[in-house]
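Colleague: After the structure tokens below, expect a handful of questions from me.
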Amino acid sequence: MSVKRVTLALDAALRDQATLRVATRIAAQLDAELTALLVTSAHLQRFAGLPTATEVLIGSARSRRADPGALAADLERLMGNMTEHLGNFAREMDVAWSVARTSLEAVPESPPTDLLLVDRRAGHSPVSRAELGSLAARLVSHCQKSILVFERELAPDKPVSLLTASLTGPALEMALDFARSSGRLLALIEAPDQRSFELHDERLRKTLDAHPVLLHTEWVCEPRPRLLASTLLGHNSGMLVVDAVNTLVRREDLASLLDTLRIPVLLTR
Amino acid sequence: MHALEPDVLRTRCDERQLRFETTAEIAPLDYALGQEHALAAVEFAASIEREGYNLYAMGEPGAGKYSMIRDALTQRARADATPDDWCYINNFGDPQKPIALALPPGAAQPLRADMEALVATLRSAIPAAFSSEVYRSRLGEIEEQFSRRQEDAFAQIQAEAKRRDMAVLHTPGGFGIAPIKDGEVMGPDEFKTLDQDEQQRIQTKTDALKERLSQALLQAPERLKQKQQQIEELNREIATDAIQAPIDALRERYADCGPVLEYLAHVQTDVLAHLIEFGDHSTPQTNPLGLQQPPSPFFKRYQVNVMVEHEPGAGAPLMFLDNPSYRHLIGRIEHTAQMGTLITDFTQVKPGALHRGNGGYLIVEARKLLLEPYAWYALKRALKAGRIDIESIGELLGLTSTESLEPTPIPLRIKMILIGEPQLYYLLCAHDPEFNDLFKVAAEFEDRIDRTSEHATAYAKFIASIITKQDLLPFDRGSIAEVIEHSARLTEDAYKMALNIRRISDLLTEADHWAREDGASVVSRDHVSKAVEQQIERLSRMRKRLQEAMLRETLLIDTEGTQVGQINGLSVIRAGELDFGQPSRITATVRMGKGEVIDIQREVKLGGSIHSKGVLILSAYLGARYAPEQPLSLLASLVFEQTYALVDGDSASVAELCALLSALAELPIRQALAVTGSVNQLGKVQAIGGVNEKVEAFFDLCESRGLTGDQGALIPRANVKHLMLRHDVVDAAREDRFHLYAIDTVDEAMELLTGCVAGTPDGDGMYPADSVNGRVADRLTKYARQRRTFAAGNETGRS
């Protein structure tokens with residue numbers, strides 16, 4: 001499988017253009033189309049309708065009265081800015097692109113995509129803000145699509161790490177897609193014992209026989225995210241691909257893993 | 001009157017004086033022959049360490065001034081202290097004013113290499129330091145710390161909001177505060193259902209949280225600023241660690257050189273201020289067209305521009321500047337065209353000869369220097385100021401507005417030596433008031449030396465040294481004698497020898513050539529003679545044309561018979577290196593007049609002032625000698641027949657006077673004779689130049705027509721000592737086929753030319769009637785009488 005379509009989920013917390021640039025670069029790297037999706041929340045609409053609704057502005061720290069009309073205008077402006085900047089980046093990197101707007105609830109049904117991108121800092125919900133941006137957190141929790149959570153640029157010259165137990169399916173394929181640029185793949189194979197690991201290892205090597213990638217494998221068997229993090233750091237890994245079927249990294253561990261590694265993590269479905 | 005003895009026509013070199021068979025046996029001369037005074041002046045100028053004691057070495061071209069000065073100063077220069085090396089380095093504070101840096105001899109190139117190595121080291125060490133795990137982790141810590149502080153601030157607000165059943169939301173413009181219920185933001189409809197107190201409480205909580213949010217946001221820029229400061233401090237610390245060791249290594253190496261240490265301190269500061277330029281540039285940069293960009297010019301600022309370097313212990317420089325243009329002398333500032341603009345920097349400052357010769361000696365040809373625009377002015381300015389200011393001529397004249405530099409002047413301590421002709425020296429003394437202040441010492445190089453037996457031996461050694469230097473065949477004794485005789489001929493004096501190294505050297509080289517052509521292993525007298533003949537032959541086209549014209553009687557010159565009022569004069573024509581003589585027919589006519597002698601050459605402006613002077617002198621002679629007490633009632637005209645170019649000099653004045661006397665006395669002149677010499681108002685014959693060429697020219701003509709034994713030439717007695725005639729002329733004289741007469745007076749000349757006694761006055765001042773002078777006096781008396789009669793007739797007619 002090759003990723004053909006990439007969707008970037010954004011929310012009203014979009015503060016700078018870095019997220020757009022990173023997403024465009026990922027799309028360019030994968031030679032995929034990019035859709036930027038502005039996800040609006042019902043919370044914001046309700047907030048704007050409150051008689052007590054007051055906004056404290058980021059630049060000046062001034063406060064102003066909020067209302068649905070002003071919010072709608074702000075979102076329109078945000079959409080306009082996003083369109084302009086994304087257009088610039090996409091033209092620069094020769095990427096096919098589009099923009100759309102939807103609600104959080106409609107994201108799973110929103111445009112078909114092979115990979116959902118989300119900035120880990122994205123969030124507008126009052127809930128679960130601290131650990132992972134709520135938009136990111138909600139998408140990770142509820143969306144049944146492959147999600148790449150990132151905070152910084154990808155490092156295409158560094159090896160890609162794959163945490164897997166299945167050795168087949170989208171996780172391996174996506175990992176190979178991302179490993180094309182560095183030519184190095186670190187497979188962290190989850191296996192109950194040494195023998196199983198060796199069998200998996202042999203199978204994986206056969207599978208990758210035709211791929212121009214340098215493979216290194218390691219056996220992992222304990223559900224210890226910090227140990228996993230130190231392994232990834234030791235191999236100077238630039239990205240982690242986590243197979244949905246693994247049992248070692250739970251979705252709730254993702255935030256602490258990201259905090260420790262500060263590298264993009266791709267969760268496949 | 002007797003003809004001169006053949007032996008005096010060419011004073012031969014006595015070969016017995018030369019005590020060797022060939023020059024291979026004699027040691028070359030180890031001193032400059034005949035230049036003791038000049039070299040003493042050179043030594044004086046070189047040894048006196050005072051301002052303005054520069055040297056002007058004067059002498060004729062080809063005298064070997066340069067080589068003698070060079071030889072004289074080489075030893076001294078080697079013993080002198082080796083001057084400092086000089087460099088230009090970037091002025092980090094003001095790049096338009098590069099700094100001149102003095103370094104011990106031999107230290108400039110190592111410093112340049114050290115700086116190049118330092119920059120290369122820094123260009124890898126600094127990116128390496130900034131990509132190290134240490135830096136990354138410390139940068140991460142700062143980022144983390146900042147993020148944490150930022151998030152902590154909001155997390156506290158978030159937590160407080162949560163405690164109060166409120167939520168902080170991200171809005172497109174900032175943050176909003178809303179009440180929550182069951183984990184969801186309360187809607188407006190639900191809010192309306194709350195009682196007034198509850199609504200007021202929510203409002204109060206909103207206001208309090210709003211205030212805290214405002215404060216947190218206000219602190220954000222300050223936190224960001226702090227973060228930036230921390231990052232800058234970290235960068236500085238990391239960079240300092242990276243550059244300290246290599247710069248300290250240089251500090252240790254140049255510990256004794258204060259200016260270099262100061263420079264290194266500036267370099268360190270500048271590197272730390274431009275760390276961004278030391279980023280990882282390992283990937284080639286391309287421009288929008290995909291072409292590779294040139295390497296960053298930024299690092300040129302750390303280059304060392306070596307202006308001048310010296311090998312330690314090599315002594316002072318001794319330089320000759322062949323092309324003393326302004327830029328070659330003072331140095332220049334080059335420019336590079338970039339995007340249509342001319343730009344420059346301290347690396348484009350190029351040294352001149354003053355830089356290279358600084359601390360030593362610089363030799364320049366005065367004529368070339370004076371012909372180069374502004375070079376003389378610039379040299380004087382540098383010598384007066386005692387420093388070298390590099391400035392383009394355009395700037396000097398205020399003609400250009402291109403960006404340029406003002407390099408720090410370099411102190412100048414140099415001994416300037418100008419070499420040139422004496423005339424230039426006298427002109428400079430007369431017309432340039434600064435010249436004598438700046439060139440206080442004059443060295444006068446001799447162009448000749450007395451031809452004594454002692455000097456002949458030294459001269460042979462002098463020749464031997466040229467032979468050795470030019471790797472010529474050995475010369476035998478006879479050939480050296482021939483060279484000495486030719487050397488005397490060059491000086492136009494039988495008792496002198498020429499010191500013109502170039503001409504002697506040319507003669508030796510050519511004699512060597514003819515010897516080799518002959519397959520000889522030693523150069524003989526014949527080879528030298530052939531070299532002389534060939535030198536003349538190569539330049540003889542004009543001479544031969546003129547002679548041919550005389551032989552074909554296009555140019556009318558008689559060499560036999562007699563003629564009244566007609567005489568053969570002799571002149572010299574210069575054709576490049578060759579002087580040759582030419583016989584000219586001079587005629588005179590006389591009639592009654594008012595005492596005028598018309599010089600036709602002067603009337604048509606083909607006579608030079610010296611020639612005119614000669615004619616005026618002979619007019620005065622006529623009047624004073626033959627008509628002291630009566631009006632000189634003569635109208636005479638004199639002309640050089642068939643001359644179409646300017647005639648100058650007074651060497652024909654004897655001939656002109658003789659032609660005039662012949663016309664007056666009506667005595668024919670022997671055309672087999674030619675005359676040269678100038679005359680004074682008392683009738684005495686004076687020396688002239690070019691006597692050898694003149695005699696030889698008449699000889700050649702006579703010989704071509706066939707020597708009769710009557711032919712010959714009259715020369716001033718004062719010129720006998722100058723005779724160094726060709727061998728064939730001497731041989732003809734020895735065989736009585738051609739004669740040379742030395743005359744002291746016009747009377748002697750007239751007697752020889754007319755065969756008539758000149759005549760001496762008696763007690764009454766009267767000359768014998770048949771004598772030359774008696775006939776002249778008689779004729780003039782007749783003219784005076786006629787003039788009186790004529791004048792009286794006119795008076796009668798008017799009355």
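How things are named: the first chain in the structure tokens is A, the next is B, and so on; residues count from 1 in each chain; ligands count from 1 in the order shown.
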Give me every helix (DSSP H, G or I) residue in range 24-243 of chain A, going by DSSP on the backbone, as an MDAnalysis selection string.

Modeller: chainID A and resid 24:30 42:49 68:93 104:109 134:142 170:179 194:207 225:234

Colleague: For the interface of chain A with chain B (cut-off 6 Å, counting only C-alpha atoms), please tabulate each contacting residue of chain A alongside its nearest pair of atoms and their separation in Å to one decimal, rows sorted by chain and increasing number, as CSV.

Modeller:
residue,atom,partner,partner_atom,distance
A:Ala12,CA,B:Pro172,CA,4.7
A:Ala13,CA,B:His170,CA,5.4
A:His43,CA,B:Val185,CA,5.5
A:Arg46,CA,B:Gly187,CA,4.8
A:Phe47,CA,B:Ala178,CA,5.9
A:Gly49,CA,B:Pro188,CA,5.4
A:Leu50,CA,B:Pro188,CA,4.8
A:Thr52,CA,B:Gln203,CA,5.9
A:Thr54,CA,B:Gly176,CA,5.9
A:Glu55,CA,B:Gly176,CA,4.5
A:Val56,CA,B:Phe175,CA,5.3
A:Leu57,CA,B:Gly174,CA,4.4
A:Ile58,CA,B:Gly174,CA,4.7
A:Ala61,CA,B:Ser214,CA,4.8
A:His124,CA,B:His170,CA,4.8
A:Pro126,CA,B:Ala167,CA,5.1

Colleague: Limited to N, CA and C atoms, could you put the picked residues into a file as a PDB file, in the first residue's frame?

Modeller:
ATOM      1  N   ALA A  12      -9.350  25.512  15.686  1.00  0.00           N
ATOM      2  CA  ALA A  12      -9.235  26.969  15.839  1.00  0.00           C
ATOM      3  C   ALA A  12      -7.990  27.378  16.609  1.00  0.00           C
ATOM      4  N   ALA A  13      -7.275  26.386  17.168  1.00  0.00           N
ATOM      5  CA  ALA A  13      -6.060  26.720  17.920  1.00  0.00           C
ATOM      6  C   ALA A  13      -4.866  26.918  16.993  1.00  0.00           C
ATOM      7  N   HIS A  43     -18.550  23.008  21.155  1.00  0.00           N
ATOM      8  CA  HIS A  43     -18.237  23.758  22.368  1.00  0.00           C
ATOM      9  C   HIS A  43     -18.086  25.238  22.079  1.00  0.00           C
ATOM     10  N   ARG A  46     -21.413  26.929  21.396  1.00  0.00           N
ATOM     11  CA  ARG A  46     -22.176  27.146  22.634  1.00  0.00           C
ATOM     12  C   ARG A  46     -21.558  28.280  23.435  1.00  0.00           C
ATOM     13  N   PHE A  47     -20.225  28.260  23.531  1.00  0.00           N
ATOM     14  CA  PHE A  47     -19.514  29.311  24.291  1.00  0.00           C
ATOM     15  C   PHE A  47     -19.872  30.699  23.742  1.00  0.00           C
ATOM     16  N   GLY A  49     -22.397  31.706  22.347  1.00  0.00           N
ATOM     17  CA  GLY A  49     -23.788  32.135  22.601  1.00  0.00           C
ATOM     18  C   GLY A  49     -24.041  32.562  24.025  1.00  0.00           C
ATOM     19  N   LEU A  50     -23.092  32.314  24.920  1.00  0.00           N
ATOM     20  CA  LEU A  50     -23.293  32.647  26.342  1.00  0.00           C
ATOM     21  C   LEU A  50     -23.261  34.164  26.572  1.00  0.00           C
ATOM     22  N   THR A  52     -22.053  35.508  29.097  1.00  0.00           N
ATOM     23  CA  THR A  52     -20.789  35.819  29.793  1.00  0.00           C
ATOM     24  C   THR A  52     -19.568  35.639  28.885  1.00  0.00           C
ATOM     25  N   THR A  54     -16.509  35.847  26.970  1.00  0.00           N
ATOM     26  CA  THR A  54     -15.465  36.870  26.797  1.00  0.00           C
ATOM     27  C   THR A  54     -14.215  36.175  26.250  1.00  0.00           C
ATOM     28  N   GLU A  55     -13.560  36.787  25.308  1.00  0.00           N
ATOM     29  CA  GLU A  55     -12.335  36.232  24.719  1.00  0.00           C
ATOM     30  C   GLU A  55     -11.137  37.057  25.196  1.00  0.00           C
ATOM     31  N   VAL A  56     -10.085  36.370  25.575  1.00  0.00           N
ATOM     32  CA  VAL A  56      -8.836  37.092  25.884  1.00  0.00           C
ATOM     33  C   VAL A  56      -7.904  36.869  24.682  1.00  0.00           C
ATOM     34  N   LEU A  57      -7.540  37.979  24.060  1.00  0.00           N
ATOM     35  CA  LEU A  57      -6.793  37.858  22.796  1.00  0.00           C
ATOM     36  C   LEU A  57      -5.309  37.565  23.059  1.00  0.00           C
ATOM     37  N   ILE A  58      -4.749  36.721  22.205  1.00  0.00           N
ATOM     38  CA  ILE A  58      -3.369  36.263  22.442  1.00  0.00           C
ATOM     39  C   ILE A  58      -2.343  37.381  22.304  1.00  0.00           C
ATOM     40  N   ALA A  61      -3.458  40.436  24.959  1.00  0.00           N
ATOM     41  CA  ALA A  61      -3.984  40.052  26.280  1.00  0.00           C
ATOM     42  C   ALA A  61      -5.205  40.898  26.650  1.00  0.00           C
ATOM     43  N   HIS A 124      -9.282  22.181  21.391  1.00  0.00           N
ATOM     44  CA  HIS A 124     -10.160  23.282  21.770  1.00  0.00           C
ATOM     45  C   HIS A 124     -11.190  22.839  22.794  1.00  0.00           C
ATOM     46  N   PRO A 126     -12.498  21.581  26.485  1.00  0.00           N
ATOM     47  CA  PRO A 126     -12.126  21.771  27.894  1.00  0.00           C
ATOM     48  C   PRO A 126     -11.664  20.494  28.560  1.00  0.00           C
TER      49      PRO A 126
END

Colleague: Please compute the CA of Arg5 in chain A-CA of His85 in chain A distance, one decimal, in Å.

Modeller: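 Answer for the CA of Arg5 in chain A to CA of His85 in chain A separation: 19.3 Å.
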
Colleague: Using CA of Glu133 in chain B and CA of Arg184 in chain A as the two end points, give the distance in Å to one decimal.

Modeller: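 For CA of Glu133 in chain B relative to CA of Arg184 in chain A, the distance reads 21.1 Å.
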
Colleague: Identify which of the residues A:Gln29, A:Asp11, A:Ala96, A:Arg65 lies closest to Ser182 in chain A, counting only C-alpha atoms when measuring atom-to-atom distances.

Modeller: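 Under the stated criterion, the closest residue is A:Gln29.
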
Colleague: Give me the residues within 8 Å of range 187-195 of chain A as a ChimeraX atom specification, counting only C-alpha atoms and dropping any in the same chain fewer than 5 places off.

Modeller: /A:161-165,200-201,215-221,246,248

Colleague: Give the strand (DSSP E or B) residues of range 16-168 of chain B, as assigned by DSSP on the backbone, as a PyMOL selection string.

Modeller: chain B and resi 22+53+55-58+85-89+99-103+166-168

Colleague: Next, dump the selected residues to file, keeping only N, CA and C atoms, as a JSON list (two decimals), in the first residue's frame.

Modeller:
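Written file, again10.json:
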[["chain", "number", "residue", "atom", "x", "y", "z"],
["B", 22, "THR", "N", 95.40, 35.10, -23.88],
["B", 22, "THR", "CA", 93.95, 35.25, -24.06],
["B", 22, "THR", "C", 93.35, 35.68, -22.71],
["B", 53, "TYR", "N", 68.13, 61.48, 2.06],
["B", 53, "TYR", "CA", 69.41, 61.07, 1.48],
["B", 53, "TYR", "C", 69.20, 59.92, 0.49],
["B", 55, "LEU", "N", 69.25, 58.78, -3.63],
["B", 55, "LEU", "CA", 70.34, 58.90, -4.59],
["B", 55, "LEU", "C", 69.83, 59.09, -6.01],
["B", 56, "TYR", "N", 70.47, 60.01, -6.72],
["B", 56, "TYR", "CA", 70.27, 60.08, -8.17],
["B", 56, "TYR", "C", 71.58, 59.69, -8.83],
["B", 57, "ALA", "N", 71.55, 58.57, -9.54],
["B", 57, "ALA", "CA", 72.77, 58.09, -10.21],
["B", 57, "ALA", "C", 72.70, 58.52, -11.66],
["B", 58, "MET", "N", 73.61, 59.39, -12.06],
["B", 58, "MET", "CA", 73.53, 59.90, -13.43],
["B", 58, "MET", "C", 74.70, 59.43, -14.27],
["B", 85, "ASP", "N", 57.57, 41.66, 7.74],
["B", 85, "ASP", "CA", 56.52, 41.32, 6.78],
["B", 85, "ASP", "C", 55.35, 42.25, 7.04],
["B", 86, "TRP", "N", 54.58, 42.51, 6.02],
["B", 86, "TRP", "CA", 53.39, 43.35, 6.20],
["B", 86, "TRP", "C", 52.16, 42.67, 5.60],
["B", 87, "CYS", "N", 51.07, 42.80, 6.32],
["B", 87, "CYS", "CA", 49.80, 42.23, 5.86],
["B", 87, "CYS", "C", 48.71, 43.28, 6.03],
["B", 88, "TYR", "N", 47.65, 43.09, 5.31],
["B", 88, "TYR", "CA", 46.42, 43.83, 5.63],
["B", 88, "TYR", "C", 45.40, 42.85, 6.17],
["B", 89, "ILE", "N", 44.78, 43.24, 7.26],
["B", 89, "ILE", "CA", 43.74, 42.40, 7.87],
["B", 89, "ILE", "C", 42.46, 43.21, 7.96],
["B", 99, "ILE", "N", 43.41, 47.22, 8.28],
["B", 99, "ILE", "CA", 44.49, 47.50, 9.23],
["B", 99, "ILE", "C", 45.79, 46.88, 8.71],
["B", 100, "ALA", "N", 46.85, 47.67, 8.74],
["B", 100, "ALA", "CA", 48.17, 47.16, 8.36],
["B", 100, "ALA", "C", 48.79, 46.48, 9.57],
["B", 101, "LEU", "N", 49.30, 45.29, 9.35],
["B", 101, "LEU", "CA", 49.85, 44.49, 10.45],
["B", 101, "LEU", "C", 51.30, 44.15, 10.12],
["B", 102, "ALA", "N", 52.19, 44.55, 11.04],
["B", 102, "ALA", "CA", 53.62, 44.23, 10.87],
["B", 102, "ALA", "C", 53.91, 42.93, 11.60],
["B", 103, "LEU", "N", 54.67, 42.08, 10.95],
["B", 103, "LEU", "CA", 55.01, 40.78, 11.54],
["B", 103, "LEU", "C", 56.51, 40.55, 11.38],
["B", 166, "MET", "N", -15.48, 25.44, 35.32],
["B", 166, "MET", "CA", -15.33, 26.31, 34.16],
["B", 166, "MET", "C", -14.29, 25.65, 33.21],
["B", 167, "ALA", "N", -14.28, 26.12, 31.98],
["B", 167, "ALA", "CA", -13.31, 25.58, 31.01],
["B", 167, "ALA", "C", -12.66, 26.74, 30.23],
["B", 168, "VAL", "N", -11.38, 26.48, 29.87],
["B", 168, "VAL", "CA", -10.68, 27.45, 29.01],
["B", 168, "VAL", "C", -10.64, 26.85, 27.60]]

Colleague: Residues near Ala777 in chain B, anyone? I mean within 8 Å using only C-alpha atoms, not counting same-chain ones fewer than 3 positions away, as a list in words.

Modeller: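 Here the answer would be Tyr626, Ala627, Tyr767, Asn773, Gly774, Leu780 and Thr781 of chain B.
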
Colleague: Excluding same-chain residues fewer than 5 positions from Asp94 in chain A, what lies within 12 Å of it counting only C-alpha atoms, as a list in words?

Modeller: Thr24, Arg25, Ile26, Ala27, Ala28, Gln29, Leu30, Asp31, Ala32, Glu33, Leu34, Leu86, Gly87, Asn88 and Phe89 of chain A

Colleague: Can you write out the residues you just picked, keeping N, CA and C atoms, as a JSON list (two decimals), in the first residue's frame?

Modeller:
[["chain", "number", "residue", "atom", "x", "y", "z"],
["A", 24, "THR", "N", 2.38, 19.61, 4.61],
["A", 24, "THR", "CA", 2.63, 19.64, 3.16],
["A", 24, "THR", "C", 3.88, 18.84, 2.82],
["A", 25, "ARG", "N", 4.89, 18.96, 3.69],
["A", 25, "ARG", "CA", 6.13, 18.24, 3.43],
["A", 25, "ARG", "C", 5.91, 16.73, 3.51],
["A", 26, "ILE", "N", 5.07, 16.32, 4.49],
["A", 26, "ILE", "CA", 4.79, 14.88, 4.62],
["A", 26, "ILE", "C", 4.07, 14.39, 3.36],
["A", 27, "ALA", "N", 3.10, 15.20, 2.90],
["A", 27, "ALA", "CA", 2.38, 14.81, 1.68],
["A", 27, "ALA", "C", 3.33, 14.71, 0.50],
["A", 28, "ALA", "N", 4.25, 15.67, 0.43],
["A", 28, "ALA", "CA", 5.23, 15.65, -0.67],
["A", 28, "ALA", "C", 6.11, 14.42, -0.57],
["A", 29, "GLN", "N", 6.49, 14.10, 0.66],
["A", 29, "GLN", "CA", 7.37, 12.95, 0.85],
["A", 29, "GLN", "C", 6.69, 11.64, 0.43],
["A", 30, "LEU", "N", 5.38, 11.59, 0.71],
["A", 30, "LEU", "CA", 4.63, 10.38, 0.37],
["A", 30, "LEU", "C", 4.05, 10.43, -1.04],
["A", 31, "ASP", "N", 4.26, 11.59, -1.70],
["A", 31, "ASP", "CA", 3.71, 11.78, -3.04],
["A", 31, "ASP", "C", 2.19, 11.60, -3.02],
["A", 32, "ALA", "N", 1.56, 12.21, -1.99],
["A", 32, "ALA", "CA", 0.11, 12.04, -1.80],
["A", 32, "ALA", "C", -0.61, 13.39, -1.91],
["A", 33, "GLU", "N", -1.92, 13.34, -2.10],
["A", 33, "GLU", "CA", -2.75, 14.55, -2.09],
["A", 33, "GLU", "C", -2.95, 14.98, -0.64],
["A", 34, "LEU", "N", -3.17, 16.26, -0.47],
["A", 34, "LEU", "CA", -3.34, 16.76, 0.90],
["A", 34, "LEU", "C", -4.67, 17.51, 1.01],
["A", 86, "LEU", "N", -1.59, 27.35, 2.91],
["A", 86, "LEU", "CA", -1.46, 25.98, 2.43],
["A", 86, "LEU", "C", -1.21, 25.98, 0.92],
["A", 87, "GLY", "N", -1.93, 26.85, 0.24],
["A", 87, "GLY", "CA", -1.73, 26.98, -1.21],
["A", 87, "GLY", "C", -0.29, 27.30, -1.55],
["A", 88, "ASN", "N", 0.26, 28.25, -0.78],
["A", 88, "ASN", "CA", 1.66, 28.63, -1.03],
["A", 88, "ASN", "C", 2.61, 27.44, -0.85],
["A", 89, "PHE", "N", 2.43, 26.76, 0.28],
["A", 89, "PHE", "CA", 3.33, 25.63, 0.56],
["A", 89, "PHE", "C", 3.15, 24.53, -0.49]]

Colleague: So which residues touch Thr35 in chain A within 9 Å, counting only C-alpha atoms, skipping near sequence neighbours fewer than 4 positions away, as a ChimeraX atom specification?

Modeller: /A:5-9,96-100,111,113

Colleague: Write out as a PyMOL selection string which residues come within 12 Å of Leu646 in chain B when counting only C-alpha atoms, dropping same-chain ones fewer than 5 positions away.

Modeller: chain B and resi 571+573+600-612+640

Colleague: Please indicate the distance in Å from CA of Asp512 in chain B to CA of Ala732 in chain B, rounded to one decimal place.

Modeller: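 So the answer is 29.0 Å.
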